[in-house]
Structures are given as structure tokens and as C-alpha cells.
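Written below as C-alpha cells is the structure these notes are about.
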Amino acid sequence: MDAQTAFGPYGFGFGVVSGTAVVLAVLLLGGAFGMWRKHTDGRVRAVAPTEAEAEPQVSPFSRFGEMGERATIVQFSSTVCAPCRAAKVIATDVAAAVPGVRHLEINAEEQMDLVREFGIMRTPTILVLDRRGQLSARISGVPRKDELLVAVDDRRFEDI
Amino acid sequence: MASNHQPAAGGQIDARGPRFGAGITAVVLAVALIAGPHALGTALIIVQLLAFGLGSLVGPQAQPYGRIYAQFVKPRLAGPVPLEAPEPPRFAQTVGLVFALVALLGAVVGSPALFTIAAALALGAAFLNAAFDYCLGCEMYLLIQRLKHRTA
């Protein structure tokens, strides 16, 4: 195979330079995204309490299992989700370690209405509900155990 | 070594296999991009297309790069085997298959832009998988389901 057949009309020339530039750009962008993602993945983000302090209605999650007296860890999972199992291990560990905390797992594919209502973009996503069943924190990705332990103790969010 | 090709108990596979395969995929796609949509680049895209096709239509245990891992790399690794379900890597292979088909189409109809964009997206996904264990196809999965749900 001569250079023109293998690399096109310019031979081993302009095409190779621009192709290399594309490869470098992809690796650079991918590297930056991957590092940003590694930094933010699994972090607990506090959710500001809603204005209305009215008695909460029946939680849309209560039909998936018993809600925790202190907090409920609601995990959205799906079939195509490698890290969901690791997330489940951490969530059940936390639920077992802290009295009054329960873990519920929801198959996102079967509950698309809840996925839309709570703006779930990927699995695993974890919603932490406080003792009243109100959303107090959310975690996208495999949760960091130390942060989840703090998040289920919902007094932390009284100052926020 | 035949036992290395078999999925482990419960249909689970060695999670390191797909990640190793993503590394080879990234190298193949990078060379294809550098070579451009001509004889060499197109040949590499076809090689990659076949690898994605086997991984997607048959399953991760049939993926040629996964076979290389099972045959030559895995026997050298010590320690516990991290297991995962085969569905996520299989879905990622399907997403890769679509990108590779579009890149091949670009080469065949003489559109360097189409070839480059499709191959670059596939390279980005493979690189993220190999370097960060980030499965782009899996992350897209729920978003695709949401779009389907909206139109349903």
C-alpha cells in the first residue's frame, strides 16, 4: 500500500497533521472532563427545604418500602449501570449503621414519572429524604460514605 | 484457558476486561483518525466495527479484545476478580457500533467530516472508559429512556 492509497491524496501529510490534532483535542477534552467528573462524582448536594411547611402528603416513595424514621435513602438504579451495585452496598451499609435510616431501591426504567419529576439524569442517583419525607440532599454517582453518613443525619441541614 | 472465556457465576463478567478492551479500542480509533478516511483508516474502522459488533450482538464474552484480556492478561493478574453485570459493557459496545457504522459511512460516501466526528466521539467514549472507568454509553442510557418516554 503506497502513501497515497493509505493516507489519501496528500499522502502522509496534511491529513495526518489534522487527524493528530483531532486525537489530541479529544484526549485533552476527555481528560479534563474525566478529572472534573472524578472530583464531583458521588458528592452530597444539600437541597434547600421548600417554603411550605405544610404537613407532607403521602410520599411518592412510600409504596416502594418502609420509610425511615430519621431518613430514607432512595436509590434510582437501572439495568445498564455498572456502579449501581457499589452504590447499593454503601447505601445499605449506612442504613444499617444509623438507626432510623432505611434504603429503598427503585428501578428507574419502570418509574419514568418519578425520574422526570425529580430530574434524575443518570443512575445511580440517590435522594435523601428527611424524617418528614422531604427531599434534603441528592447524590449523583456512587456516594461517598462519609458524606452520606452526615447527610442522613438531617440536623446538619438546619443551618443551610 | 477455556474457562477464562466463560462468564463467572450468575452471568457476571470480570469488570477489568471491558476496560482493557476500551484501551485497545482507543488506540485503534486514534490511529484510524490520524490515518484519515482512506485505505488504512477505513480498514481500522472496519476492524473496530467487527469488534463492537461481536461485543454488542453476541456479548462481552465474545468481544475480541476481551478474549485477548482473558487469554493473555487475566492469567497474570492476582487478587480478587471484580465482577460486574454484562449488560452495561454490552450496551456500550452497541453505542460504539453505531458510531463505527457512521464513521464507515463517512469514509464510503467520501465525507471526511462525518468520518472524523463519529470516530472522534467513539474515541472520546473509549478513552473515558479506559482512563476513568467512565461508561459514556451507560450514562446516556437513562437520558435515552427519558426521550423515549416523552415521545411514547
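By order in the C-alpha cells, chains are A, B, ...; within a chain, residues start at 1; ligands start at 1, following the order shown.
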
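Near chain A, the residues of chain B that fall inside 6 Å (using only C-alpha atoms) are Ala30, Leu33, Ile34, Ala35, His38, Ala39, Leu40, Glu87, Pro88, Gly124, Cys138, Glu139 and Leu142 of chain B.
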
For the residues in that selection, give me C-alpha atoms as a CSV table (one decimal), in the first residue's frame.
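Result file follows (again-v8.csv):
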```
chain,number,residue,atom,x,y,z
B,30,ALA,CA,-6.8,7.1,17.4
B,33,LEU,CA,-8.3,9.2,12.9
B,34,ILE,CA,-4.7,10.0,12.3
B,35,ALA,CA,-4.7,8.0,9.0
B,38,HIS,CA,-8.7,6.4,3.3
B,39,ALA,CA,-7.5,2.8,2.9
B,40,LEU,CA,-5.7,2.4,6.3
B,87,GLU,CA,-25.4,-5.5,30.3
B,88,PRO,CA,-23.6,-2.2,30.8
B,124,GLY,CA,-13.7,10.0,23.5
B,138,CYS,CA,-24.3,3.7,30.3
B,139,GLU,CA,-24.6,7.4,31.4
B,142,LEU,CA,-31.4,6.9,31.2
```

Please identify which residues in segment 31-142 of chain A DSSP calls alpha helix (DSSP H) from the backbone, and express them as number ranges by chain.
A: 31-40, 84-97, 112-117

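Shell of Leu97 of chain B at 8 Å, with only C-alpha atoms counted and residues fewer than 4 places along the chain excluded, is B:Leu49, B:Phe52, B:Gly53, B:Ser56, B:Gln93, B:Leu101.
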
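Restricting the calculation to only C-alpha atoms, the smallest distance between Ala26 of chain B and any of B:Pro75, B:Gln61, B:Pro89, B:Ala126 is found for B:Ala126.
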